[in-house]
$ cat query27.cif   # mmCIF, C-alpha atoms, pLDDT in the B column; chains and numbers go by the auth columns
data_upload
#
loop_
_atom_site.group_PDB
_atom_site.id
_atom_site.type_symbol
_atom_site.label_atom_id
_atom_site.label_comp_id
_atom_site.label_asym_id
_atom_site.label_seq_id
_atom_site.Cartn_x
_atom_site.Cartn_y
_atom_site.Cartn_z
_atom_site.B_iso_or_equiv
_atom_site.auth_seq_id
_atom_site.auth_asym_id
ATOM 1 C CA MET A 1 -47.235 2.313 13.051 46.00 1 Z
ATOM 2 C CA VAL A 2 -48.285 -1.312 13.440 53.00 2 Z
ATOM 3 C CA LEU A 3 -48.070 -1.843 9.679 53.00 3 Z
ATOM 4 C CA ASN A 4 -44.557 -0.406 9.569 58.00 4 Z
ATOM 5 C CA ILE A 5 -43.303 -2.600 12.394 62.00 5 Z
ATOM 6 C CA SER A 6 -44.899 -5.759 11.036 69.00 6 Z
ATOM 7 C CA GLY A 7 -43.580 -4.959 7.571 68.00 7 Z
ATOM 8 C CA VAL A 8 -40.060 -4.522 8.922 70.00 8 Z
ATOM 9 C CA VAL A 9 -40.335 -7.777 10.853 74.00 9 Z
ATOM 10 C CA LEU A 10 -41.663 -9.629 7.796 76.00 10 Z
ATOM 11 C CA LEU A 11 -38.923 -8.273 5.537 75.00 11 Z
ATOM 12 C CA GLY A 12 -36.338 -9.063 8.191 75.00 12 Z
ATOM 13 C CA ILE A 13 -37.538 -12.662 8.375 80.00 13 Z
ATOM 14 C CA ILE A 14 -37.482 -12.966 4.584 79.00 14 Z
ATOM 15 C CA CYS A 15 -33.928 -11.581 4.447 78.00 15 Z
ATOM 16 C CA PHE A 16 -32.889 -13.970 7.211 79.00 16 Z
ATOM 17 C CA LEU A 17 -34.385 -16.938 5.346 81.00 17 Z
ATOM 18 C CA PHE A 18 -32.682 -15.892 2.118 79.00 18 Z
ATOM 19 C CA PHE A 19 -29.431 -15.528 4.002 78.00 19 Z
ATOM 20 C CA ARG A 20 -29.725 -18.966 5.618 83.00 20 Z
ATOM 21 C CA LYS A 21 -31.375 -21.025 2.862 80.00 21 Z
ATOM 22 C CA ASP A 22 -30.804 -19.497 -0.564 71.00 22 Z
ATOM 23 C CA GLY A 23 -27.235 -18.360 -0.180 79.00 23 Z
ATOM 24 C CA MET A 24 -27.893 -14.642 0.122 75.00 24 Z
ATOM 25 C CA LYS A 25 -24.608 -13.128 1.074 80.00 25 Z
ATOM 26 C CA LEU A 26 -24.214 -10.569 3.830 80.00 26 Z
ATOM 27 C CA SER A 27 -23.122 -8.001 1.258 79.00 27 Z
ATOM 28 C CA HIS A 28 -26.401 -8.505 -0.642 79.00 28 Z
ATOM 29 C CA ALA A 29 -28.402 -7.942 2.541 78.00 29 Z
ATOM 30 C CA PHE A 30 -26.380 -4.796 3.247 79.00 30 Z
ATOM 31 C CA VAL A 31 -27.051 -3.426 -0.243 75.00 31 Z
ATOM 32 C CA ALA A 32 -30.769 -4.237 0.087 79.00 32 Z
ATOM 33 C CA ALA A 33 -30.899 -2.417 3.437 80.00 33 Z
ATOM 34 C CA LEU A 34 -29.126 0.618 2.013 76.00 34 Z
ATOM 35 C CA PHE A 35 -31.516 0.627 -0.939 76.00 35 Z
ATOM 36 C CA GLY A 36 -34.453 0.614 1.486 79.00 36 Z
ATOM 37 C CA PHE A 37 -33.043 3.505 3.497 79.00 37 Z
ATOM 38 C CA PHE A 38 -32.377 5.591 0.407 77.00 38 Z
ATOM 39 C CA LEU A 39 -35.785 4.731 -1.050 75.00 39 Z
ATOM 40 C CA ALA A 40 -37.478 5.786 2.194 79.00 40 Z
ATOM 41 C CA GLY A 41 -35.885 9.209 1.906 79.00 41 Z
ATOM 42 C CA SER A 42 -36.859 9.744 -1.722 80.00 42 Z
ATOM 43 C CA ALA A 43 -39.856 11.539 -3.210 83.00 43 Z
ATOM 44 C CA ILE A 44 -41.549 8.252 -4.090 80.00 44 Z
ATOM 45 C CA ALA A 45 -41.678 7.060 -0.439 82.00 45 Z
ATOM 46 C CA PRO A 46 -45.187 8.478 0.260 87.00 46 Z
ATOM 47 C CA SER A 47 -46.550 6.675 -2.809 87.00 47 Z
ATOM 48 C CA ILE A 48 -45.008 3.387 -1.688 80.00 48 Z
ATOM 49 C CA THR A 49 -46.410 3.862 1.816 83.00 49 Z
ATOM 50 C CA ALA A 50 -49.880 4.624 0.457 88.00 50 Z
ATOM 51 C CA SER A 51 -49.759 1.626 -1.884 88.00 51 Z
ATOM 52 C CA THR A 52 -48.652 -0.674 0.909 82.00 52 Z
ATOM 53 C CA ALA A 53 -51.422 0.584 3.197 86.00 53 Z
ATOM 54 C CA SER A 54 -53.961 0.130 0.407 91.00 54 Z
ATOM 55 C CA ILE A 55 -52.875 -3.446 -0.240 88.00 55 Z
ATOM 56 C CA ALA A 56 -52.872 -4.208 3.477 85.00 56 Z
ATOM 57 C CA SER A 57 -56.420 -2.897 3.887 89.00 57 Z
ATOM 58 C CA LEU A 58 -57.516 -4.857 0.806 90.00 58 Z
ATOM 59 C CA LEU A 59 -56.037 -8.060 2.205 86.00 59 Z
ATOM 60 C CA GLY A 60 -57.482 -7.292 5.639 86.00 60 Z
ATOM 61 C CA GLY A 61 -60.964 -7.014 4.127 87.00 61 Z
ATOM 62 C CA ILE A 62 -60.910 -10.460 2.538 87.00 62 Z
ATOM 63 C CA LYS A 63 -63.185 -12.874 4.375 83.00 63 Z
ATOM 64 C CA LEU A 64 -62.489 -16.559 4.025 79.00 64 Z
#
$ encode --input "query27.cif" --output "structure tokens"
Amino acid sequence: MVLNISGVVLLGIICFLFFRKDGMKLSHAFVAALFGFFLAGSAIAPSITASTASIASLLGGIKL
């Protein structure tokens, strides 16, 4: 649950920065959000979730 919320917040910040700085139009953000919702409901969603969790645990295990 924490990973999902932080991921949503991170992606929201990135979309906001693109919208403000790089000229991302509101229609582009809307299409990206719709793509995310449709992707979450597809058969590949569990694989994406597992991959994201795997990468997060890999990055969390790195000691600097």
$ axis_aligned_box --input "query27.cif" --around "range 36-54 of chain Z" --padding-each-side "3 Å" --output "JSON"
{"center_x": -43.2, "center_y": 5.4, "center_z": -0.3, "size_x": 27.6, "size_y": 18.2, "size_z": 13.6}
$ atom_distance --input "query27.cif" --atom1 "CA of Ile14 in chain Z" --atom2 "CA of Ala32 in chain Z"
11.9 Å
$ residues_around --input "query27.cif" --residues "Leu39 in chain Z" --least-positions-apart "6" --cutoff "10 Å" --atoms "only C-alpha atoms" --output "JSON, numbers by chain"
{"Z": [33, 45, 48]}
$ write_last_selection --input "query27.cif" --atoms "C-alpha atoms" --output "PDB file, in the coordinates of the input"
ATOM      1  CA  ALA Z  33     -30.899  -2.417   3.437  1.00 80.00           C
ATOM      2  CA  ALA Z  45     -41.678   7.060  -0.439  1.00 82.00           C
ATOM      3  CA  ILE Z  48     -45.008   3.387  -1.688  1.00 80.00           C
TER       4      ILE Z  48
END
$ atom_distance --input "query27.cif" --atom1 "CA of Val8 in chain Z" --atom2 "CA of Gly36 in chain Z"
10.6 Å
$ atom_distance --input "query27.cif" --atom1 "CA of Ser47 in chain Z" --atom2 "CA of Val9 in chain Z"
20.8 Å
$ residues_near_point --input "query27.cif" --point "(-34.7, -7.6, 7.9)" --cutoff "12 Å" --atoms "only C-alpha atoms" --output "PDB file with C-alpha atoms, in the frame of the given file"
ATOM      1  CA  ILE Z   5     -43.303  -2.600  12.394  1.00 62.00           C
ATOM      2  CA  SER Z   6     -44.899  -5.759  11.036  1.00 69.00           C
ATOM      3  CA  GLY Z   7     -43.580  -4.959   7.571  1.00 68.00           C
ATOM      4  CA  VAL Z   8     -40.060  -4.522   8.922  1.00 70.00           C
ATOM      5  CA  VAL Z   9     -40.335  -7.777  10.853  1.00 74.00           C
ATOM      6  CA  LEU Z  10     -41.663  -9.629   7.796  1.00 76.00           C
ATOM      7  CA  LEU Z  11     -38.923  -8.273   5.537  1.00 75.00           C
ATOM      8  CA  GLY Z  12     -36.338  -9.063   8.191  1.00 75.00           C
ATOM      9  CA  ILE Z  13     -37.538 -12.662   8.375  1.00 80.00           C
ATOM     10  CA  ILE Z  14     -37.482 -12.966   4.584  1.00 79.00           C
ATOM     11  CA  CYS Z  15     -33.928 -11.581   4.447  1.00 78.00           C
ATOM     12  CA  PHE Z  16     -32.889 -13.970   7.211  1.00 79.00           C
ATOM     13  CA  LEU Z  17     -34.385 -16.938   5.346  1.00 81.00           C
ATOM     14  CA  PHE Z  18     -32.682 -15.892   2.118  1.00 79.00           C
ATOM     15  CA  PHE Z  19     -29.431 -15.528   4.002  1.00 78.00           C
ATOM     16  CA  LEU Z  26     -24.214 -10.569   3.830  1.00 80.00           C
ATOM     17  CA  HIS Z  28     -26.401  -8.505  -0.642  1.00 79.00           C
ATOM     18  CA  ALA Z  29     -28.402  -7.942   2.541  1.00 78.00           C
ATOM     19  CA  PHE Z  30     -26.380  -4.796   3.247  1.00 79.00           C
ATOM     20  CA  VAL Z  31     -27.051  -3.426  -0.243  1.00 75.00           C
ATOM     21  CA  ALA Z  32     -30.769  -4.237   0.087  1.00 79.00           C
ATOM     22  CA  ALA Z  33     -30.899  -2.417   3.437  1.00 80.00           C
ATOM     23  CA  LEU Z  34     -29.126   0.618   2.013  1.00 76.00           C
ATOM     24  CA  GLY Z  36     -34.453   0.614   1.486  1.00 79.00           C
TER      25      GLY Z  36
END
